[in-house]
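Reproduced below: start-v9.txt, with compact mmCIF, C-alpha atoms.
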# COMPACT_ATOMS: atom_id res chain seq x y z
CA MET Y 1 4.80 6.87 -10.34
CA HIS Y 2 6.00 3.72 -8.58
CA GLU Y 3 6.13 1.84 -11.90
CA TYR Y 4 9.90 2.45 -12.07
CA GLY Y 5 10.32 0.64 -8.77
CA ILE Y 6 8.23 -2.24 -10.06
CA VAL Y 7 10.39 -2.46 -13.20
CA GLU Y 8 13.54 -2.40 -11.08
CA ALA Y 9 12.27 -5.39 -9.10
CA LEU Y 10 11.27 -7.10 -12.36
CA LEU Y 11 14.69 -6.65 -14.01
CA GLN Y 12 16.47 -7.89 -10.91
CA ARG Y 13 14.33 -11.00 -10.64
CA VAL Y 14 14.57 -11.83 -14.34
CA ASP Y 15 18.34 -11.42 -14.15
CA GLU Y 16 18.49 -13.93 -11.28
CA VAL Y 17 16.37 -16.43 -13.20
CA ALA Y 18 18.41 -15.98 -16.39
CA ARG Y 19 21.71 -16.42 -14.59
CA GLY Y 20 20.38 -19.46 -12.76
CA ARG Y 21 19.63 -21.10 -16.10
CA GLY Y 22 22.81 -19.99 -17.83
CA ALA Y 23 20.77 -18.10 -20.42
CA THR Y 24 22.47 -16.01 -23.09
CA ARG Y 25 19.43 -13.87 -23.81
CA VAL Y 26 15.98 -13.13 -22.47
CA ARG Y 27 13.38 -13.28 -25.23
CA ARG Y 28 10.17 -12.48 -23.41
CA VAL Y 29 8.89 -11.58 -19.95
CA ARG Y 30 5.31 -12.24 -18.98
CA LEU Y 31 3.48 -10.49 -16.16
CA ARG Y 32 -0.01 -10.73 -14.75
CA LEU Y 33 -1.32 -7.40 -13.58
CA GLY Y 34 -4.52 -7.06 -11.61
CA GLU Y 35 -6.94 -4.24 -12.21
CA LEU Y 36 -6.70 -3.37 -8.50
CA ALA Y 37 -2.93 -3.87 -8.24
CA GLY Y 38 -2.35 -0.13 -8.33
CA VAL Y 39 -0.01 -0.36 -11.32
CA GLU Y 40 -0.85 1.33 -14.61
CA PRO Y 41 0.03 -0.95 -17.58
CA THR Y 42 0.98 1.87 -19.98
CA LEU Y 43 3.22 3.52 -17.37
CA LEU Y 44 4.75 0.14 -16.62
CA ALA Y 45 5.49 -0.41 -20.32
CA ALA Y 46 7.05 3.06 -20.58
CA ALA Y 47 9.19 2.45 -17.49
CA TYR Y 48 10.25 -0.93 -18.86
CA ALA Y 49 11.25 0.60 -22.20
CA ALA Y 50 13.33 3.22 -20.42
CA PHE Y 51 15.00 0.98 -17.85
CA ARG Y 52 15.75 -2.21 -19.75
CA GLU Y 53 18.65 -0.72 -21.74
CA ARG Y 54 21.92 -2.41 -20.86
CA THR Y 55 20.15 -5.02 -18.75
CA CYS Y 56 19.43 -8.66 -19.38
CA CYS Y 57 16.05 -7.58 -20.77
CA ALA Y 58 17.43 -5.15 -23.37
CA GLU Y 59 15.97 -7.23 -26.18
CA ALA Y 60 13.13 -8.90 -24.31
CA ALA Y 61 9.49 -8.27 -25.12
CA LEU Y 62 7.19 -7.51 -22.19
CA ASP Y 63 3.76 -9.12 -22.19
CA VAL Y 64 1.33 -7.83 -19.62
CA GLU Y 65 -1.77 -9.90 -19.12
CA PRO Y 66 -4.47 -7.82 -17.43
CA VAL Y 67 -6.52 -9.53 -14.74
CA ALA Y 68 -9.98 -8.10 -14.10
CA ALA Y 69 -11.10 -7.52 -10.52
CA ARG Y 70 -13.55 -10.20 -9.38
CA TRP Y 71 -15.47 -10.01 -6.14
CA SER Y 72 -17.62 -12.73 -4.65
CA CYS Y 73 -19.32 -13.73 -1.43
CA PRO Y 74 -17.02 -15.87 0.75
CA GLY Y 75 -20.04 -17.78 2.04
CA CYS Y 76 -22.21 -18.58 -0.97
CA ALA Y 77 -19.72 -17.72 -3.78
CA ARG Y 78 -22.25 -15.45 -5.47
CA PRO Y 79 -20.36 -13.01 -7.74
CA ILE Y 80 -20.69 -9.33 -6.87
CA ALA Y 81 -20.38 -6.98 -9.83
CA ARG Y 82 -17.87 -4.14 -9.72
CA GLY Y 83 -19.47 -0.88 -8.79
CA GLU Y 84 -22.03 -2.58 -6.56
CA VAL Y 85 -22.02 -2.34 -2.78
CA LEU Y 86 -19.44 -4.96 -1.72
CA ARG Y 87 -21.82 -7.00 0.40
CA CYS Y 88 -23.59 -10.21 -0.59
CA PRO Y 89 -27.20 -9.36 -1.46
CA ALA Y 90 -28.24 -12.87 -0.34
CA CYS Y 91 -26.41 -13.44 2.96
CA GLY Y 92 -25.02 -9.99 3.79
CA ALA Y 93 -21.39 -11.10 4.12
CA PRO Y 94 -18.65 -8.64 3.07
CA ALA Y 95 -17.38 -9.49 -0.40
CA ARG Y 96 -13.95 -10.98 -0.94
CA LEU Y 97 -11.61 -10.10 -3.81
CA VAL Y 98 -11.04 -13.35 -5.73
CA ALA Y 99 -8.69 -11.94 -8.37
CA GLY Y 100 -7.38 -8.62 -9.54
CA ASP Y 101 -4.73 -7.42 -7.08
CA GLU Y 102 -1.78 -9.44 -8.37
CA ILE Y 103 1.54 -8.18 -9.72
CA VAL Y 104 3.05 -11.49 -10.72
CA LEU Y 105 6.05 -12.42 -12.83
CA TYR Y 106 4.78 -15.72 -14.13
CA ARG Y 107 7.05 -16.68 -17.00
CA VAL Y 108 10.29 -15.77 -18.72
CA GLU Y 109 11.44 -17.15 -22.04
CA LEU Y 110 15.19 -17.66 -22.18
CA GLU Y 111 17.67 -18.53 -24.86
CA VAL Y 112 19.83 -21.28 -23.48
CA PRO Y 113 22.89 -22.43 -25.45
CA MET G 1 20.80 -25.84 -28.67
CA CYS G 2 18.18 -26.51 -31.30
CA GLU G 3 17.86 -30.24 -31.55
CA THR G 4 15.22 -30.28 -34.28
CA CYS G 5 17.23 -29.40 -37.36
CA GLY G 6 20.72 -28.93 -35.96
CA CYS G 7 20.88 -25.29 -37.09
CA GLY G 8 22.84 -24.23 -34.01
CA ASP G 9 20.24 -21.72 -32.80
CA PRO G 10 19.92 -21.58 -29.06
CA ALA G 11 16.80 -23.23 -27.65
CA VAL G 12 14.14 -20.99 -26.17
CA VAL G 13 13.25 -22.27 -22.74
CA PRO G 14 10.11 -21.07 -20.98
CA VAL G 15 10.63 -20.84 -17.24
CA ASP G 16 7.60 -20.57 -14.97
CA VAL G 17 8.30 -18.24 -12.07
CA HIS G 18 4.90 -17.35 -10.56
CA GLU G 19 6.27 -14.89 -8.08
CA ALA G 20 4.90 -11.64 -6.69
CA LEU G 21 7.11 -8.84 -7.94
CA LEU G 22 7.06 -7.04 -4.64
CA ALA G 23 8.20 -10.15 -2.77
CA GLY G 24 11.38 -8.35 -1.66
CA ASN G 25 9.39 -5.55 -0.05
CA ASP G 26 7.00 -8.08 1.45
CA ARG G 27 9.91 -9.93 3.12
CA GLN G 28 11.20 -6.71 4.67
CA ALA G 29 7.65 -5.84 5.77
CA ALA G 30 7.31 -9.24 7.43
CA HIS G 31 10.53 -8.52 9.31
CA ASN G 32 9.17 -5.14 10.48
CA ARG G 33 5.90 -6.81 11.51
CA GLU G 34 7.70 -9.42 13.63
CA HIS G 35 9.60 -6.61 15.29
CA PHE G 36 6.39 -4.67 16.08
CA GLU G 37 4.61 -7.76 17.38
CA ALA G 38 7.56 -8.85 19.53
CA HIS G 39 7.59 -5.44 21.19
CA GLY G 40 3.86 -5.02 21.50
CA VAL G 41 3.72 -2.01 19.20
CA LEU G 42 0.60 -1.25 17.21
CA ALA G 43 1.87 0.02 13.85
CA VAL G 44 -0.56 2.18 11.91
CA ASN G 45 0.01 3.07 8.25
CA LEU G 46 -1.74 6.43 7.87
CA MET G 47 -2.35 7.35 4.25
CA GLY G 48 -4.31 9.99 2.35
CA SER G 49 -4.05 12.81 -0.16
CA PRO G 50 -1.70 15.72 0.44
CA GLY G 51 -3.63 18.09 2.69
CA ALA G 52 -6.14 15.50 3.93
CA GLY G 53 -5.16 16.40 7.48
CA LYS G 54 -2.99 13.44 8.42
CA THR G 55 -0.54 15.40 10.56
CA ALA G 56 -3.31 17.45 12.18
CA ILE G 57 -5.11 14.27 13.21
CA LEU G 58 -1.92 12.94 14.78
CA GLU G 59 -1.45 16.22 16.66
CA ALA G 60 -5.02 15.94 17.93
CA THR G 61 -4.34 12.31 18.85
CA ALA G 62 -1.31 13.35 20.87
CA ARG G 63 -3.41 15.96 22.73
CA ALA G 64 -6.14 13.47 23.56
CA ALA G 65 -4.19 10.27 24.22
CA ALA G 66 -2.94 11.01 27.71
CA GLY G 67 -0.76 8.20 28.98
CA TRP G 68 -0.29 6.60 25.57
CA ARG G 69 3.27 6.28 24.39
CA LEU G 70 3.21 7.40 20.77
CA ALA G 71 5.88 7.63 18.09
CA ALA G 72 5.78 8.55 14.43
CA ILE G 73 7.63 8.15 11.18
CA THR G 74 6.64 10.67 8.55
CA GLY G 75 7.28 10.57 4.82
CA ASP G 76 7.42 13.50 2.44
CA LEU G 77 9.27 14.23 -0.78
CA ALA G 78 11.03 17.15 0.87
CA THR G 79 11.25 18.76 4.33
CA GLU G 80 10.80 17.23 7.75
CA HIS G 81 8.04 19.68 8.65
CA ASP G 82 5.57 16.98 9.65
CA ALA G 83 8.06 15.27 11.94
CA GLN G 84 8.88 18.66 13.48
CA ARG G 85 5.19 19.38 14.06
CA LEU G 86 4.72 16.01 15.74
CA ARG G 87 7.81 16.42 17.91
CA ALA G 88 6.40 19.80 18.98
CA ALA G 89 3.20 17.94 19.90
CA GLY G 90 5.25 15.65 22.13
CA VAL G 91 5.51 12.66 19.79
CA PRO G 92 9.03 11.32 19.16
CA SER G 93 9.22 11.41 15.37
CA VAL G 94 11.56 10.73 12.52
CA GLY G 95 11.10 12.23 9.07
CA ILE G 96 11.93 10.38 5.89
CA THR G 97 12.50 12.56 2.84
CA THR G 98 11.94 10.40 -0.20
CA GLY G 99 13.28 12.76 -2.88
CA SER G 100 10.96 12.01 -5.75
CA ALA G 101 9.61 8.66 -4.51
CA CYS G 102 5.86 8.74 -4.11
CA HIS G 103 5.54 6.27 -1.23
CA LEU G 104 7.34 4.72 1.71
CA ASP G 105 8.52 1.15 1.46
CA ALA G 106 9.35 -1.42 4.12
CA GLU G 107 13.09 -0.81 3.96
CA LEU G 108 12.77 2.97 4.42
CA VAL G 109 10.59 2.32 7.48
CA HIS G 110 13.10 -0.19 8.81
CA HIS G 111 15.93 2.35 8.57
CA ALA G 112 13.75 5.00 10.22
CA LEU G 113 12.99 2.65 13.12
CA HIS G 114 16.68 2.66 13.96
CA ARG G 115 16.63 6.45 14.16
CA LEU G 116 13.75 6.61 16.64
CA PRO G 117 14.67 7.17 20.28
CA ARG G 118 14.96 3.97 22.30
CA GLU G 119 11.80 4.38 24.27
CA ALA G 120 8.78 2.25 24.98
CA VAL G 121 6.01 2.76 22.46
CA ASP G 122 2.37 1.67 22.35
CA VAL G 123 1.39 3.03 18.96
CA LEU G 124 3.70 3.85 16.06
CA PHE G 125 2.12 5.97 13.34
CA VAL G 126 3.69 5.82 9.91
CA GLU G 127 2.41 8.92 8.19
CA ASN G 128 2.90 7.98 4.56
CA VAL G 129 3.65 10.32 1.66
CA GLY G 130 0.51 12.25 0.71
CA ASN G 131 -0.74 10.22 -2.25
CA LEU G 132 -3.83 8.10 -2.86
CA VAL G 133 -2.16 5.71 -5.30
CA CYS G 134 1.31 4.35 -4.66
CA PRO G 135 1.43 3.90 -0.87
CA ALA G 136 -1.45 1.41 -1.07
CA ILE G 137 0.60 -1.32 -2.67
CA TYR G 138 3.65 -1.28 -0.39
CA ASP G 139 3.30 -3.27 2.81
CA LEU G 140 5.33 -1.65 5.61
CA GLY G 141 4.66 -4.25 8.29
CA GLN G 142 1.75 -2.31 9.77
CA ALA G 143 -1.09 -3.92 11.70
CA VAL G 144 -3.70 -1.62 10.19
CA ASN G 145 -4.19 0.77 7.29
CA VAL G 146 -5.99 4.02 8.00
CA VAL G 147 -6.90 6.48 5.26
CA ALA G 148 -7.64 10.14 5.99
CA LEU G 149 -10.24 11.60 3.63
CA ALA G 150 -11.18 15.26 4.01
CA VAL G 151 -14.79 16.34 3.53
CA THR G 152 -13.57 18.73 0.84
CA GLU G 153 -12.11 16.00 -1.37
CA GLY G 154 -15.31 15.00 -3.14
CA GLU G 155 -17.93 12.40 -2.29
CA ASP G 156 -16.77 10.05 -5.05
CA LYS G 157 -13.09 10.04 -4.05
CA PRO G 158 -13.23 6.36 -2.93
CA LEU G 159 -14.65 5.37 -6.33
CA LYS G 160 -11.78 7.15 -8.07
CA TYR G 161 -9.08 5.50 -5.94
CA PRO G 162 -10.40 1.99 -5.27
CA VAL G 163 -6.95 0.44 -4.74
CA MET G 164 -6.30 2.64 -1.72
CA PHE G 165 -9.72 2.37 -0.09
CA ARG G 166 -9.99 -1.38 -0.62
CA ARG G 167 -7.00 -1.86 1.66
CA ALA G 168 -8.20 0.46 4.40
CA ASP G 169 -9.24 -0.90 7.78
CA LEU G 170 -10.63 2.49 8.74
CA VAL G 171 -11.33 5.75 6.93
CA LEU G 172 -11.14 8.94 8.96
CA LEU G 173 -13.44 11.55 7.47
CA THR G 174 -11.47 14.64 8.43
CA LYS G 175 -12.23 18.37 8.74
CA ILE G 176 -15.90 17.77 9.59
CA ASP G 177 -15.90 21.21 11.23
CA LEU G 178 -16.11 22.50 7.62
CA LEU G 179 -19.36 20.64 6.85
CA PRO G 180 -21.65 23.59 7.72
CA TYR G 181 -19.95 25.56 4.93
CA LEU G 182 -20.17 22.79 2.34
CA ARG G 183 -23.83 22.73 1.40
CA ASP G 184 -23.29 20.22 -1.41
CA VAL G 185 -21.38 17.63 0.57
CA ASP G 186 -23.41 14.79 2.07
CA PRO G 187 -21.44 12.30 4.20
CA VAL G 188 -24.06 9.66 3.36
CA ARG G 189 -22.91 9.77 -0.25
CA ILE G 190 -19.30 9.39 0.87
CA GLU G 191 -20.34 6.29 2.83
CA ASP G 192 -22.09 4.92 -0.24
CA SER G 193 -18.98 5.44 -2.40
CA LEU G 194 -16.90 3.71 0.22
CA ALA G 195 -19.22 0.70 0.40
CA ARG G 196 -18.59 0.06 -3.31
CA VAL G 197 -14.82 -0.27 -2.95
CA MET G 198 -14.28 -1.34 0.68
CA PRO G 199 -15.85 -4.66 1.70
CA GLN G 200 -16.22 -3.73 5.38
CA PRO G 201 -16.58 0.05 5.24
CA ARG G 202 -15.76 1.89 8.43
CA LEU G 203 -15.98 5.66 8.28
CA LEU G 204 -15.24 7.72 11.34
CA PRO G 205 -15.92 11.48 11.15
CA VAL G 206 -13.34 13.56 13.01
CA SER G 207 -12.18 17.13 13.42
CA ALA G 208 -8.64 17.89 14.51
CA LEU G 209 -9.76 21.48 15.11
CA THR G 210 -12.62 20.84 17.52
CA GLY G 211 -11.56 17.38 18.70
CA ALA G 212 -14.89 15.88 17.60
CA GLY G 213 -14.61 12.17 16.95
CA VAL G 214 -11.12 11.85 18.40
CA ASP G 215 -12.44 9.77 21.32
CA GLY G 216 -13.93 7.31 18.85
CA TRP G 217 -10.62 7.18 16.97
CA LEU G 218 -8.73 6.41 20.19
CA ALA G 219 -11.31 3.76 21.09
CA TRP G 220 -10.84 2.14 17.68
CA LEU G 221 -7.05 2.16 18.12
CA GLY G 222 -7.50 0.62 21.56
CA LEU G 223 -9.50 -2.23 20.06
CA GLN G 224 -6.69 -2.96 17.61
CA ASP G 225 -4.28 -3.66 20.43
CA ARG G 226 -4.06 -7.34 19.69
CA PHE G 227 -0.51 -7.90 20.78
CA PRO G 228 0.17 -9.74 24.00
CA GLN G 229 2.77 -7.45 25.49
CA ARG G 230 3.73 -3.85 25.39
CA GLY G 231 7.29 -2.82 25.79
CA LEU G 232 10.42 -1.52 24.21
CA MET G 233 10.53 -0.88 20.51
CA ARG G 234 13.74 -2.82 20.16
As a first step, turn the structure in this file into C-alpha cells.
Amino acid sequence: MHEYGIVEALLQRVDEVARGRGATRVRRVRLRLGELAGVEPTLLAAAYAAFRERTCCAEAALDVEPVAARWSCPGCARPIARGEVLRCPACGAPARLVAGDEIVLYRVELEVP
Amino acid sequence: MCETCGCGDPAVVPVDVHEALLAGNDRQAAHNREHFEAHGVLAVNLMGSPGAGKTAILEATARAAAGWRLAAITGDLATEHDAQRLRAAGVPSVGITTGSACHLDAELVHHALHRLPREAVDVLFVENVGNLVCPAIYDLGQAVNVVALAVTEGEDKPLKYPVMFRRADLVLLTKIDLLPYLRDVDPVRIEDSLARVMPQPRLLPVSALTGAGVDGWLAWLGLQDRFPQRGLMR
C-alpha cells in the first residue's frame, strides 16, 4: 500500500503549484497512471479521498487517466502484444516499453482571483 | 477574475505540470547513486516475496565471496533479525524498520548509509522489504535490481507481478534443492513466464543450502562491476 505515499507527494506538489500561482482553490488534479506503474487506481482514489481533507485539494476532483502498457521492438518498431514473449519475432531484439510505467501529474486546474 | 461577464467569479486556470510524482525520491536516489559510483561501490537492490530466501542467499554469498568486502542494509516492518543474521555471517549490516511502510525509499537508504561502519566496500546489498509490489517503483540509487523467486512460489508468479519482474536485471531462482520434492514445478515454465514480462530474462537457479549456483551469482556480480575505482564508502 504505497498509494498513501504517492498521494502525499501529489498533495505537496499541487500545493507548491497553487501557491506559485496565488490560487485560492484547486478545482481539479489530473494524473496519468501507467498500467505497469505499480499503482492501483482505486487504492489511489481511496488514499486521495482520505488524505486531501484540510489540504489545498480538499475540494479538488481527481482525474486519473489510465495509460495502457505498450511494448515494441526498438529496432523495427513492430508492436509486441502484452502476454507475448517480449522479444521481436522478426529481428529477435528485446522489446522496449514505450508507454505504461508513468506516474505523472500533468495538469492542475486552479481558481485564481 | 472572470472577464467574460464581469460576475466576479475567479477564473479557472489550467496549469500544465507534466512531472513525475516520485521526482523527489528520484532526486535522492540520484544522490545515492553518485555516492556509490564515486566510491566504487556496486549497489544491489535485492527484492522478493517474504520468505523467498533473500537473507539466506546473502549469507551464502558471504560464505562464498572470500576477499570481497560486503555490506548490507536490510528493510523489514519490524525487527532487525535480517541485519543480525548478516552481521553474524560477517557482513556489516544496518537494519531499517519501516513500521508499516511496505518498501524502502531513497531517503531511508541514505540515512542507513550514515549508520554503516566507515569501511571500504565492494558490494552493498540493499535487502528490500519482502514484497513483490511496492519496492519495484522506488529507485534507491542501485546499479542493479535482483529479484529472488523461490521454486515454491508458483510458475506464473512473474505473470502476476509484472511490475516487479520487468525491472529486474537478474532473477535468482532460489531453494532449488527443493525441486526433487516438487513434482509439479518445471523451471522451464518459470522461464517462459519471465520472458513475457522481462525483456531480457535472466534466471539463475541457486540454493543457499547446498551452495549450488552461488559461483554463477558471484560471477554475475563481478561482471556488474562497472565502476572505475573501489574504495571507501564515504
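Residue-level contacts from chain Y to chain G at 6 Å, counting all atoms listed in the file, read Y:Leu36, Y:Gly38, Y:Gly83, Y:Glu84, Y:Val85, Y:Leu86, Y:Pro94, Y:Ala95, Y:Ile103, Y:Val104, Y:Leu105, Y:Tyr106, Y:Arg107, Y:Val108, Y:Glu109, Y:Leu110, Y:Glu111, Y:Val112, Y:Pro113.
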Residues near Glu34 of chain G, anyone? I mean within 12 Å using only C-alpha atoms, not counting same-chain ones fewer than 5 positions away, as a PyMOL selection string. chain G and resi 27-29+39-43+110+140-143+227+233-234
field: Residue neighbourhood segment 45-49 of chain G, 7 Å, all atoms listed in the file, exclusion window fewer than 3 positions, as a ChimeraX atom specification
entry: /G:52,125-128,130-132,142,144-149
Close residues, Leu116 of chain G itself excluded, 12 Å, only C-alpha atoms, min 3 positions apart in chain, as a count of residues only: 25
Among Y:Cys56, Y:Val98, Y:Ala69, Y:Ala77, Leu10 of chain Y is approached most closely, using all atoms listed in the file, by Y:Cys56
Restricting to all atoms listed in the file, whichever of G:Lys157, G:Lys54, G:Arg63, G:Arg202 is closest to Gly75 of chain G is G:Lys54
- Give the answer as one residue: which of G:Glu155, G:Arg167, G:Gly67, G:His31 has the shortest atom-to-atom distance to Asp101 of chain Y, using only C-alpha atoms?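 For Asp101 of chain Y, the nearest of the given residues is G:Arg167.
The coordinates place atom CA of Val67 of chain Y at 28.7 Å from atom CA of Gly20 of chain Y.
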Correct to one decimal, the distance atom CA of Glu80 of chain G-atom CA of Ser207 of chain G is 23.7 Å
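Relative to atom CA of Val39 of chain Y, atom CA of His2 of chain Y is found at 7.8 Å.
If only C-alpha atoms are the atoms counted, then among Y:Arg19, Y:Arg27, Y:Arg32, Y:Arg87 the closest residue to Gly100 of chain Y is Y:Arg32.
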**Q.** Spatial neighbours of Phe51 of chain Y, 10 Å, all atoms listed in the file, chain gap at least 4 places, as number ranges by chain
**A.** Y: 4, 7-8, 11, 45-47, 55, 57-58
Of Y:Ala37, Y:Ala61, Y:Leu43, Y:Ala93, the one nearest to Glu3 of chain Y when counting all atoms listed in the file is Y:Leu43
Could you add the missing atoms to segment 53-73 of chain Y, up to N, CA and C atoms, and return them as a tab-separated table (two decimals), in the frame of the given file?
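As a result, result.tsv now contains:
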chain	number	residue	atom	x	y	z
Y	53	GLU	N	17.39	-0.88	-21.00
Y	53	GLU	CA	18.65	-0.72	-21.74
Y	53	GLU	C	19.82	-1.19	-20.89
Y	54	ARG	N	20.72	-1.89	-21.52
Y	54	ARG	CA	21.92	-2.41	-20.86
Y	54	ARG	C	21.60	-3.33	-19.68
Y	55	THR	N	20.44	-3.97	-19.74
Y	55	THR	CA	20.15	-5.02	-18.75
Y	55	THR	C	19.92	-6.31	-19.52
Y	56	CYS	N	19.67	-7.36	-18.76
Y	56	CYS	CA	19.43	-8.66	-19.38
Y	56	CYS	C	18.18	-8.63	-20.26
Y	57	CYS	N	17.32	-7.64	-20.05
Y	57	CYS	CA	16.05	-7.58	-20.77
Y	57	CYS	C	16.10	-6.61	-21.96
Y	58	ALA	N	17.30	-6.18	-22.33
Y	58	ALA	CA	17.43	-5.15	-23.37
Y	58	ALA	C	16.68	-5.52	-24.65
Y	59	GLU	N	16.63	-6.81	-24.94
Y	59	GLU	CA	15.97	-7.23	-26.18
Y	59	GLU	C	14.72	-8.06	-25.90
Y	60	ALA	N	14.25	-8.03	-24.67
Y	60	ALA	CA	13.13	-8.90	-24.31
Y	60	ALA	C	11.80	-8.17	-24.42
Y	61	ALA	N	10.84	-8.84	-25.05
Y	61	ALA	CA	9.49	-8.27	-25.12
Y	61	ALA	C	8.82	-8.40	-23.75
Y	62	LEU	N	7.94	-7.45	-23.45
Y	62	LEU	CA	7.19	-7.51	-22.19
Y	62	LEU	C	5.72	-7.75	-22.52
Y	63	ASP	N	5.19	-8.85	-22.03
Y	63	ASP	CA	3.76	-9.12	-22.19
Y	63	ASP	C	3.07	-8.91	-20.86
Y	64	VAL	N	2.08	-8.05	-20.86
Y	64	VAL	CA	1.33	-7.83	-19.62
Y	64	VAL	C	-0.08	-8.34	-19.82
Y	65	GLU	N	-0.43	-9.32	-19.03
Y	65	GLU	CA	-1.77	-9.90	-19.12
Y	65	GLU	C	-2.64	-9.25	-18.04
Y	66	PRO	N	-3.63	-8.46	-18.45
Y	66	PRO	CA	-4.47	-7.82	-17.43
Y	66	PRO	C	-5.41	-8.82	-16.77
Y	67	VAL	N	-5.60	-8.66	-15.47
Y	67	VAL	CA	-6.52	-9.53	-14.74
Y	67	VAL	C	-7.63	-8.65	-14.16
Y	68	ALA	N	-8.86	-8.92	-14.57
Y	68	ALA	CA	-9.98	-8.10	-14.10
Y	68	ALA	C	-10.25	-8.37	-12.62
Y	69	ALA	N	-10.73	-7.35	-11.92
Y	69	ALA	CA	-11.10	-7.52	-10.52
Y	69	ALA	C	-12.38	-8.37	-10.45
Y	70	ARG	N	-12.35	-9.38	-9.59
Y	70	ARG	CA	-13.55	-10.20	-9.38
Y	70	ARG	C	-13.82	-10.31	-7.89
Y	71	TRP	N	-15.05	-9.93	-7.53
Y	71	TRP	CA	-15.47	-10.01	-6.14
Y	71	TRP	C	-16.53	-11.11	-6.02
Y	72	SER	N	-16.52	-11.79	-4.88
Y	72	SER	CA	-17.62	-12.73	-4.65
Y	72	SER	C	-17.86	-12.87	-3.16
Y	73	CYS	N	-18.97	-13.51	-2.84
Y	73	CYS	CA	-19.32	-13.73	-1.43
Y	73	CYS	C	-18.52	-14.92	-0.90
